[in-house]
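Source file: start.txt; contents: compact mmCIF, N, CA, C and O atoms.
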```
# COMPACT_ATOMS: atom_id res chain seq x y z
N LEU O 1 104.54 23.46 -121.52
CA LEU O 1 104.28 24.70 -122.24
C LEU O 1 102.90 24.66 -122.88
O LEU O 1 102.17 25.64 -122.83
N GLU O 2 102.56 23.52 -123.47
CA GLU O 2 101.25 23.40 -124.11
C GLU O 2 100.12 23.55 -123.09
O GLU O 2 99.13 24.22 -123.34
N ALA O 3 100.28 22.93 -121.94
CA ALA O 3 99.25 23.02 -120.90
C ALA O 3 99.11 24.44 -120.38
O ALA O 3 97.99 24.90 -120.11
N GLU O 4 100.21 25.14 -120.25
CA GLU O 4 100.16 26.53 -119.78
C GLU O 4 99.44 27.44 -120.77
O GLU O 4 98.83 28.43 -120.39
N ASN O 5 99.49 27.09 -122.04
CA ASN O 5 98.84 27.89 -123.09
C ASN O 5 97.42 27.41 -123.37
O ASN O 5 96.81 27.85 -124.35
N GLY O 6 96.91 26.50 -122.57
CA GLY O 6 95.54 26.03 -122.74
C GLY O 6 95.36 24.94 -123.77
O GLY O 6 94.23 24.58 -124.08
N GLU O 7 96.43 24.43 -124.30
CA GLU O 7 96.36 23.36 -125.30
C GLU O 7 96.44 22.01 -124.58
O GLU O 7 97.44 21.30 -124.66
N ILE O 8 95.37 21.67 -123.89
CA ILE O 8 95.35 20.48 -123.05
C ILE O 8 95.49 19.20 -123.88
O ILE O 8 96.25 18.31 -123.52
N SER O 9 94.78 19.11 -124.98
CA SER O 9 94.85 17.89 -125.79
C SER O 9 96.24 17.72 -126.40
O SER O 9 96.75 16.60 -126.49
N ALA O 10 96.87 18.81 -126.80
CA ALA O 10 98.23 18.73 -127.34
C ALA O 10 99.20 18.30 -126.25
O ALA O 10 100.11 17.47 -126.51
N ALA O 11 99.03 18.82 -125.06
CA ALA O 11 99.90 18.42 -123.94
C ALA O 11 99.73 16.95 -123.63
O ALA O 11 100.70 16.23 -123.38
N ARG O 12 98.48 16.49 -123.65
CA ARG O 12 98.19 15.08 -123.37
C ARG O 12 98.85 14.17 -124.41
O ARG O 12 99.42 13.14 -124.08
N GLU O 13 98.78 14.57 -125.68
CA GLU O 13 99.40 13.80 -126.76
C GLU O 13 100.92 13.76 -126.63
O GLU O 13 101.53 12.72 -126.84
N LEU O 14 101.50 14.91 -126.29
CA LEU O 14 102.96 14.96 -126.11
C LEU O 14 103.42 14.06 -124.96
O LEU O 14 104.42 13.36 -125.08
N LEU O 15 102.68 14.08 -123.87
CA LEU O 15 103.04 13.23 -122.74
C LEU O 15 102.89 11.75 -123.10
O LEU O 15 103.73 10.92 -122.71
N ALA O 16 101.85 11.40 -123.84
CA ALA O 16 101.66 10.00 -124.25
C ALA O 16 102.80 9.56 -125.17
O ALA O 16 103.33 8.45 -125.02
N ARG O 17 103.18 10.44 -126.09
CA ARG O 17 104.29 10.10 -126.99
C ARG O 17 105.60 9.98 -126.23
O ARG O 17 106.40 9.08 -126.47
N ALA O 18 105.81 10.85 -125.27
CA ALA O 18 107.03 10.79 -124.45
C ALA O 18 107.07 9.51 -123.63
O ALA O 18 108.12 8.91 -123.47
N ARG O 19 105.92 9.09 -123.09
CA ARG O 19 105.89 7.83 -122.34
C ARG O 19 106.24 6.65 -123.23
O ARG O 19 106.96 5.74 -122.81
N ASN O 20 105.76 6.67 -124.47
CA ASN O 20 106.04 5.55 -125.38
C ASN O 20 107.48 5.55 -125.88
O ASN O 20 108.08 4.49 -126.03
N LEU O 21 108.03 6.73 -126.14
CA LEU O 21 109.38 6.80 -126.70
C LEU O 21 110.47 6.76 -125.64
O LEU O 21 111.38 5.95 -125.72
N ALA O 22 110.39 7.64 -124.68
CA ALA O 22 111.45 7.73 -123.67
C ALA O 22 111.14 6.83 -122.48
O ALA O 22 111.98 6.05 -122.04
N GLY O 23 109.94 6.95 -121.95
CA GLY O 23 109.49 6.08 -120.89
C GLY O 23 110.26 6.18 -119.59
O GLY O 23 110.38 5.19 -118.87
N LYS O 24 110.78 7.33 -119.25
CA LYS O 24 111.50 7.48 -117.97
C LYS O 24 110.49 7.70 -116.85
O LYS O 24 109.36 8.09 -117.07
N GLU O 25 110.95 7.46 -115.62
CA GLU O 25 110.07 7.59 -114.46
C GLU O 25 109.48 8.99 -114.36
O GLU O 25 108.29 9.15 -114.07
N ARG O 26 110.29 9.98 -114.61
CA ARG O 26 109.84 11.37 -114.47
C ARG O 26 108.72 11.70 -115.44
O ARG O 26 107.79 12.45 -115.10
N ILE O 27 108.77 11.17 -116.65
CA ILE O 27 107.73 11.43 -117.64
C ILE O 27 106.41 10.79 -117.19
O ILE O 27 105.34 11.40 -117.31
N TRP O 28 106.49 9.57 -116.68
CA TRP O 28 105.29 8.91 -116.16
C TRP O 28 104.71 9.70 -114.99
O TRP O 28 103.49 9.86 -114.88
N MET O 29 105.57 10.21 -114.13
CA MET O 29 105.12 10.98 -112.98
C MET O 29 104.45 12.27 -113.45
O MET O 29 103.36 12.63 -112.98
N LYS O 30 105.06 12.98 -114.39
CA LYS O 30 104.49 14.22 -114.91
C LYS O 30 103.14 13.96 -115.58
O LYS O 30 102.22 14.77 -115.46
N SER O 31 103.02 12.83 -116.26
CA SER O 31 101.76 12.48 -116.91
C SER O 31 100.65 12.27 -115.88
O SER O 31 99.53 12.76 -116.05
N ALA O 32 100.97 11.55 -114.82
CA ALA O 32 99.97 11.29 -113.78
C ALA O 32 99.57 12.59 -113.08
O ALA O 32 98.39 12.83 -112.82
N VAL O 33 100.54 13.43 -112.78
CA VAL O 33 100.26 14.70 -112.12
C VAL O 33 99.44 15.60 -113.04
O VAL O 33 98.49 16.27 -112.59
N PHE O 34 99.75 15.62 -114.31
CA PHE O 34 99.00 16.42 -115.27
C PHE O 34 97.53 15.99 -115.30
O PHE O 34 96.63 16.82 -115.24
N GLU O 35 97.30 14.69 -115.40
CA GLU O 35 95.92 14.18 -115.45
C GLU O 35 95.19 14.49 -114.14
O GLU O 35 94.01 14.82 -114.15
N ARG O 36 95.89 14.40 -113.05
CA ARG O 36 95.29 14.73 -111.75
C ARG O 36 94.89 16.20 -111.70
O ARG O 36 93.80 16.55 -111.24
N GLN O 37 95.74 17.07 -112.19
CA GLN O 37 95.44 18.50 -112.21
C GLN O 37 94.27 18.83 -113.13
O GLN O 37 93.55 19.78 -112.89
N GLN O 38 94.10 18.03 -114.17
CA GLN O 38 93.00 18.24 -115.10
C GLN O 38 91.69 17.63 -114.60
O GLN O 38 90.67 17.72 -115.26
N GLY O 39 91.75 16.96 -113.45
CA GLY O 39 90.55 16.34 -112.88
C GLY O 39 90.25 14.97 -113.44
O GLY O 39 89.18 14.42 -113.19
N GLN O 40 91.17 14.41 -114.18
CA GLN O 40 91.00 13.08 -114.77
C GLN O 40 91.60 12.03 -113.82
O GLN O 40 92.61 11.39 -114.12
N ILE O 41 90.96 11.86 -112.69
CA ILE O 41 91.47 10.98 -111.64
C ILE O 41 91.59 9.53 -112.11
O ILE O 41 92.63 8.90 -111.88
N PRO O 42 90.57 8.96 -112.77
CA PRO O 42 90.73 7.57 -113.24
C PRO O 42 91.91 7.39 -114.21
O PRO O 42 92.62 6.39 -114.15
N THR O 43 92.11 8.37 -115.07
CA THR O 43 93.23 8.32 -116.01
C THR O 43 94.56 8.39 -115.27
O THR O 43 95.50 7.65 -115.58
N ALA O 44 94.63 9.28 -114.28
CA ALA O 44 95.85 9.40 -113.49
C ALA O 44 96.16 8.10 -112.76
O ALA O 44 97.31 7.65 -112.74
N LEU O 45 95.13 7.48 -112.21
CA LEU O 45 95.34 6.21 -111.50
C LEU O 45 95.76 5.09 -112.45
O LEU O 45 96.60 4.25 -112.08
N SER O 46 95.21 5.08 -113.65
CA SER O 46 95.62 4.03 -114.60
C SER O 46 97.05 4.24 -115.08
O SER O 46 97.80 3.29 -115.27
N ILE O 47 97.45 5.50 -115.25
CA ILE O 47 98.85 5.79 -115.61
C ILE O 47 99.77 5.33 -114.49
O ILE O 47 100.80 4.71 -114.74
N LEU O 48 99.38 5.62 -113.26
CA LEU O 48 100.20 5.19 -112.12
C LEU O 48 100.27 3.68 -112.01
O LEU O 48 101.31 3.12 -111.65
N GLU O 49 99.18 3.00 -112.32
CA GLU O 49 99.18 1.54 -112.27
C GLU O 49 100.19 0.94 -113.24
O GLU O 49 100.96 0.04 -112.89
N VAL O 50 100.20 1.46 -114.45
CA VAL O 50 101.18 1.00 -115.45
C VAL O 50 102.59 1.37 -115.03
O VAL O 50 103.52 0.57 -115.13
N ALA O 51 102.75 2.60 -114.54
CA ALA O 51 104.07 3.08 -114.13
C ALA O 51 104.63 2.24 -112.99
O ALA O 51 105.83 1.95 -112.96
N LEU O 52 103.78 1.85 -112.05
CA LEU O 52 104.25 1.03 -110.93
C LEU O 52 104.70 -0.35 -111.37
O LEU O 52 105.60 -0.94 -110.77
N LYS O 53 104.09 -0.86 -112.43
CA LYS O 53 104.53 -2.16 -112.96
C LYS O 53 105.89 -2.03 -113.63
O LYS O 53 106.71 -2.92 -113.55
N LYS O 54 106.12 -0.89 -114.30
CA LYS O 54 107.38 -0.68 -114.99
C LYS O 54 108.51 -0.29 -114.04
O LYS O 54 109.64 -0.70 -114.21
N TYR O 55 108.16 0.53 -113.04
CA TYR O 55 109.17 1.07 -112.12
C TYR O 55 108.69 0.89 -110.67
O TYR O 55 108.28 1.86 -110.03
N PRO O 56 108.74 -0.31 -110.16
CA PRO O 56 108.21 -0.54 -108.80
C PRO O 56 109.05 0.06 -107.68
O PRO O 56 108.59 0.13 -106.55
N LYS O 57 110.23 0.54 -107.98
CA LYS O 57 111.09 1.13 -106.94
C LYS O 57 111.07 2.65 -106.93
O LYS O 57 111.86 3.27 -106.24
N PHE O 58 110.17 3.26 -107.68
CA PHE O 58 110.07 4.72 -107.73
C PHE O 58 109.01 5.16 -106.72
O PHE O 58 107.81 5.03 -106.94
N ALA O 59 109.47 5.70 -105.61
CA ALA O 59 108.61 5.99 -104.47
C ALA O 59 107.55 7.05 -104.76
O ALA O 59 106.46 7.01 -104.19
N LYS O 60 107.84 7.99 -105.62
CA LYS O 60 106.89 9.07 -105.92
C LYS O 60 105.56 8.53 -106.45
O LYS O 60 104.52 9.12 -106.19
N PHE O 61 105.61 7.43 -107.21
CA PHE O 61 104.38 6.86 -107.74
C PHE O 61 103.44 6.45 -106.61
O PHE O 61 102.24 6.68 -106.67
N TYR O 62 104.00 5.80 -105.60
CA TYR O 62 103.19 5.37 -104.46
C TYR O 62 102.63 6.57 -103.70
O TYR O 62 101.47 6.56 -103.26
N MET O 63 103.45 7.61 -103.57
CA MET O 63 102.99 8.81 -102.86
C MET O 63 101.85 9.50 -103.61
O MET O 63 100.84 9.88 -103.00
N ILE O 64 101.99 9.65 -104.91
CA ILE O 64 100.95 10.31 -105.70
C ILE O 64 99.67 9.48 -105.67
O ILE O 64 98.57 10.02 -105.49
N GLN O 65 99.81 8.18 -105.84
CA GLN O 65 98.65 7.29 -105.81
C GLN O 65 97.94 7.37 -104.46
O GLN O 65 96.72 7.49 -104.39
N GLY O 66 98.71 7.35 -103.39
CA GLY O 66 98.13 7.46 -102.06
C GLY O 66 97.45 8.80 -101.84
O GLY O 66 96.37 8.86 -101.24
N GLN O 67 98.04 9.87 -102.34
CA GLN O 67 97.44 11.20 -102.20
C GLN O 67 96.13 11.31 -102.97
O GLN O 67 95.18 11.93 -102.49
N ILE O 68 96.09 10.71 -104.15
CA ILE O 68 94.85 10.73 -104.93
C ILE O 68 93.75 10.00 -104.18
O ILE O 68 92.62 10.49 -104.05
N HIS O 69 94.06 8.82 -103.66
CA HIS O 69 93.06 8.06 -102.89
C HIS O 69 92.66 8.82 -101.64
O HIS O 69 91.48 8.84 -101.27
N GLN O 70 93.62 9.45 -100.99
CA GLN O 70 93.35 10.19 -99.77
C GLN O 70 92.43 11.39 -100.04
O GLN O 70 91.52 11.67 -99.27
N SER O 71 92.67 12.09 -101.14
CA SER O 71 91.84 13.26 -101.46
C SER O 71 90.41 12.87 -101.84
O SER O 71 89.50 13.66 -101.67
N SER O 72 90.24 11.64 -102.34
CA SER O 72 88.88 11.17 -102.65
C SER O 72 88.28 10.39 -101.48
O SER O 72 87.28 9.70 -101.63
N LYS O 73 88.92 10.51 -100.32
CA LYS O 73 88.46 9.92 -99.06
C LYS O 73 88.37 8.39 -99.10
O LYS O 73 87.59 7.79 -98.40
N ASN O 74 89.20 7.77 -99.95
CA ASN O 74 89.31 6.32 -99.99
C ASN O 74 90.54 5.95 -99.16
O ASN O 74 91.60 5.64 -99.70
N TYR O 75 90.36 5.99 -97.85
CA TYR O 75 91.51 5.86 -96.94
C TYR O 75 92.12 4.47 -96.94
O TYR O 75 93.33 4.32 -96.77
N SER O 76 91.31 3.44 -97.17
CA SER O 76 91.88 2.10 -97.20
C SER O 76 92.79 1.92 -98.42
O SER O 76 93.84 1.30 -98.32
N ALA O 77 92.39 2.46 -99.56
CA ALA O 77 93.23 2.38 -100.76
C ALA O 77 94.49 3.23 -100.58
O ALA O 77 95.57 2.83 -101.03
N ALA O 78 94.34 4.38 -99.93
CA ALA O 78 95.51 5.23 -99.67
C ALA O 78 96.49 4.50 -98.77
O ALA O 78 97.70 4.50 -99.02
N ARG O 79 95.97 3.89 -97.74
CA ARG O 79 96.82 3.12 -96.81
C ARG O 79 97.52 1.99 -97.54
O ARG O 79 98.71 1.75 -97.33
N ALA O 80 96.81 1.32 -98.44
CA ALA O 80 97.40 0.23 -99.22
C ALA O 80 98.51 0.74 -100.13
O ALA O 80 99.55 0.10 -100.28
N SER O 81 98.31 1.92 -100.74
CA SER O 81 99.32 2.50 -101.62
C SER O 81 100.59 2.84 -100.84
O SER O 81 101.69 2.51 -101.27
N PHE O 82 100.40 3.51 -99.70
CA PHE O 82 101.56 3.88 -98.89
C PHE O 82 102.27 2.64 -98.34
O PHE O 82 103.49 2.59 -98.30
N SER O 83 101.49 1.65 -97.96
CA SER O 83 102.08 0.42 -97.42
C SER O 83 102.89 -0.31 -98.50
O SER O 83 104.00 -0.79 -98.23
N ALA O 84 102.33 -0.39 -99.70
CA ALA O 84 103.05 -1.03 -100.81
C ALA O 84 104.33 -0.27 -101.12
O ALA O 84 105.38 -0.87 -101.43
N GLY O 85 104.26 1.06 -101.02
CA GLY O 85 105.44 1.88 -101.25
C GLY O 85 106.53 1.64 -100.22
O GLY O 85 107.71 1.57 -100.55
N ILE O 86 106.11 1.50 -98.98
CA ILE O 86 107.09 1.23 -97.91
C ILE O 86 107.76 -0.12 -98.12
O ILE O 86 108.96 -0.26 -97.90
N LYS O 87 107.00 -1.09 -98.57
CA LYS O 87 107.57 -2.42 -98.84
C LYS O 87 108.52 -2.38 -100.02
O LYS O 87 109.57 -3.03 -100.01
N ALA O 88 108.15 -1.62 -101.07
CA ALA O 88 108.99 -1.58 -102.27
C ALA O 88 110.20 -0.67 -102.10
O ALA O 88 111.25 -0.93 -102.68
N CYS O 89 110.05 0.38 -101.31
CA CYS O 89 111.12 1.35 -101.11
C CYS O 89 111.33 1.59 -99.61
O CYS O 89 111.02 2.68 -99.10
N PRO O 90 111.88 0.62 -98.90
CA PRO O 90 111.94 0.72 -97.44
C PRO O 90 112.85 1.83 -96.93
O PRO O 90 112.71 2.27 -95.79
N LYS O 91 113.76 2.32 -97.74
CA LYS O 91 114.70 3.35 -97.26
C LYS O 91 114.22 4.76 -97.59
O LYS O 91 114.89 5.72 -97.25
N ASN O 92 113.05 4.90 -98.20
CA ASN O 92 112.54 6.22 -98.54
C ASN O 92 111.88 6.83 -97.31
O ASN O 92 110.86 6.34 -96.85
N VAL O 93 112.43 7.91 -96.80
CA VAL O 93 111.92 8.52 -95.57
C VAL O 93 110.60 9.24 -95.80
O VAL O 93 109.80 9.37 -94.86
N ASN O 94 110.33 9.73 -96.99
CA ASN O 94 109.09 10.44 -97.25
C ASN O 94 107.87 9.52 -97.15
O ASN O 94 106.81 9.93 -96.73
N LEU O 95 108.03 8.29 -97.59
CA LEU O 95 106.94 7.33 -97.47
C LEU O 95 106.70 6.98 -96.04
O LEU O 95 105.61 6.79 -95.58
```
Go ahead and render the structure in this file as structure tokens.
Amino acid sequence: LEAENGEISAARELLARARNLAGKERIWMKSAVFERQQGQIPTALSILEVALKKYPKFAKFYMIQGQIHQSSKNYSAARASFSAGIKACPKNVNL
């Protein structure tokens, strides 16, 4: 809601607080997607790096990370992200 109303810094603070308090996979994913939408690619990648350490079996993290690398034309890093995801989540058909 904050992001939709243009309150980007408030949205960023709420997501950071939610990651610290609740720390569920979905909150980490929303945080990374939010930063990506705001053009903060390094921040999104660092959030994903931490999230992957906490939740290595959550396939969406690998997909988002791979898509970010792919959109910045870093195909070897994208391939590595998708490959790591396949190893960590071998039954995920989307990966």
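Computed from the coordinates, the CA of Gln37 in chain O to atom C of Ile86 in chain O distance equals 26.4 Å.
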Atom C of Ala84 in chain O to atom O of Lys24 in chain O: how many Å, to one decimal? 18.7 Å
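Counting only C-alpha atoms and comparing O:Arg12, O:Lys54, O:Arg17, O:Lys91, the residue that lies closest to Ala32 in chain O is O:Arg12.
Reported to one decimal place, the separation of atom N of Trp28 in chain O from CA of Tyr55 in chain O is 10.0 Å.
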Env of Asn92 in chain O: 10 Å cut, atoms = only C-alpha atoms, seq-sep filter 3 positions within chain, self excluded. Answer as a PDB file with N, CA, C and O atoms, in the coordinates of the input.
```
ATOM      1  N   LYS O  57     110.230   0.540-107.980  1.00  0.00           N
ATOM      2  CA  LYS O  57     111.090   1.130-106.940  1.00  0.00           C
ATOM      3  C   LYS O  57     111.070   2.650-106.930  1.00  0.00           C
ATOM      4  O   LYS O  57     111.860   3.270-106.240  1.00  0.00           O
ATOM      5  N   PHE O  58     110.170   3.260-107.680  1.00  0.00           N
ATOM      6  CA  PHE O  58     110.070   4.720-107.730  1.00  0.00           C
ATOM      7  C   PHE O  58     109.010   5.160-106.720  1.00  0.00           C
ATOM      8  O   PHE O  58     107.810   5.030-106.940  1.00  0.00           O
ATOM      9  N   ALA O  59     109.470   5.700-105.610  1.00  0.00           N
ATOM     10  CA  ALA O  59     108.610   5.990-104.470  1.00  0.00           C
ATOM     11  C   ALA O  59     107.550   7.050-104.760  1.00  0.00           C
ATOM     12  O   ALA O  59     106.460   7.010-104.190  1.00  0.00           O
ATOM     13  N   LYS O  60     107.840   7.990-105.620  1.00  0.00           N
ATOM     14  CA  LYS O  60     106.890   9.070-105.920  1.00  0.00           C
ATOM     15  C   LYS O  60     105.560   8.530-106.450  1.00  0.00           C
ATOM     16  O   LYS O  60     104.520   9.120-106.190  1.00  0.00           O
ATOM     17  N   GLY O  85     104.260   1.060-101.020  1.00  0.00           N
ATOM     18  CA  GLY O  85     105.440   1.880-101.250  1.00  0.00           C
ATOM     19  C   GLY O  85     106.530   1.640-100.220  1.00  0.00           C
ATOM     20  O   GLY O  85     107.710   1.570-100.550  1.00  0.00           O
ATOM     21  N   ILE O  86     106.110   1.500 -98.980  1.00  0.00           N
ATOM     22  CA  ILE O  86     107.090   1.230 -97.910  1.00  0.00           C
ATOM     23  C   ILE O  86     107.760  -0.120 -98.120  1.00  0.00           C
ATOM     24  O   ILE O  86     108.960  -0.260 -97.900  1.00  0.00           O
ATOM     25  N   LYS O  87     107.000  -1.090 -98.570  1.00  0.00           N
ATOM     26  CA  LYS O  87     107.570  -2.420 -98.840  1.00  0.00           C
ATOM     27  C   LYS O  87     108.520  -2.380-100.020  1.00  0.00           C
ATOM     28  O   LYS O  87     109.570  -3.030-100.010  1.00  0.00           O
ATOM     29  N   ALA O  88     108.150  -1.620-101.070  1.00  0.00           N
ATOM     30  CA  ALA O  88     108.990  -1.580-102.270  1.00  0.00           C
ATOM     31  C   ALA O  88     110.200  -0.670-102.100  1.00  0.00           C
ATOM     32  O   ALA O  88     111.250  -0.930-102.680  1.00  0.00           O
ATOM     33  N   CYS O  89     110.050   0.380-101.310  1.00  0.00           N
ATOM     34  CA  CYS O  89     111.120   1.350-101.110  1.00  0.00           C
ATOM     35  C   CYS O  89     111.330   1.590 -99.610  1.00  0.00           C
ATOM     36  O   CYS O  89     111.020   2.680 -99.100  1.00  0.00           O
ATOM     37  N   LEU O  95     108.030   8.290 -97.590  1.00  0.00           N
ATOM     38  CA  LEU O  95     106.940   7.330 -97.470  1.00  0.00           C
ATOM     39  C   LEU O  95     106.700   6.980 -96.040  1.00  0.00           C
ATOM     40  O   LEU O  95     105.610   6.790 -95.580  1.00  0.00           O
TER      41      LEU O  95
END
```
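Each of O:Ser81, O:Asn94, O:Ala10, O:Arg26 was checked against Leu45 in chain O using only C-alpha atoms; the smallest atom-to-atom distance is that of O:Ser81.
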Every residue of chain O that DSSP places in helix (DSSP H, G or I), as a ChimeraX atom specification: /O:8-21,25-37,41-54,59-71,75-88
Using only C-alpha atoms, find the one residue out of O:Ser76, O:Gly39, O:Glu13, O:Glu25 that sits nearest to Lys53 in chain O. O:Glu25
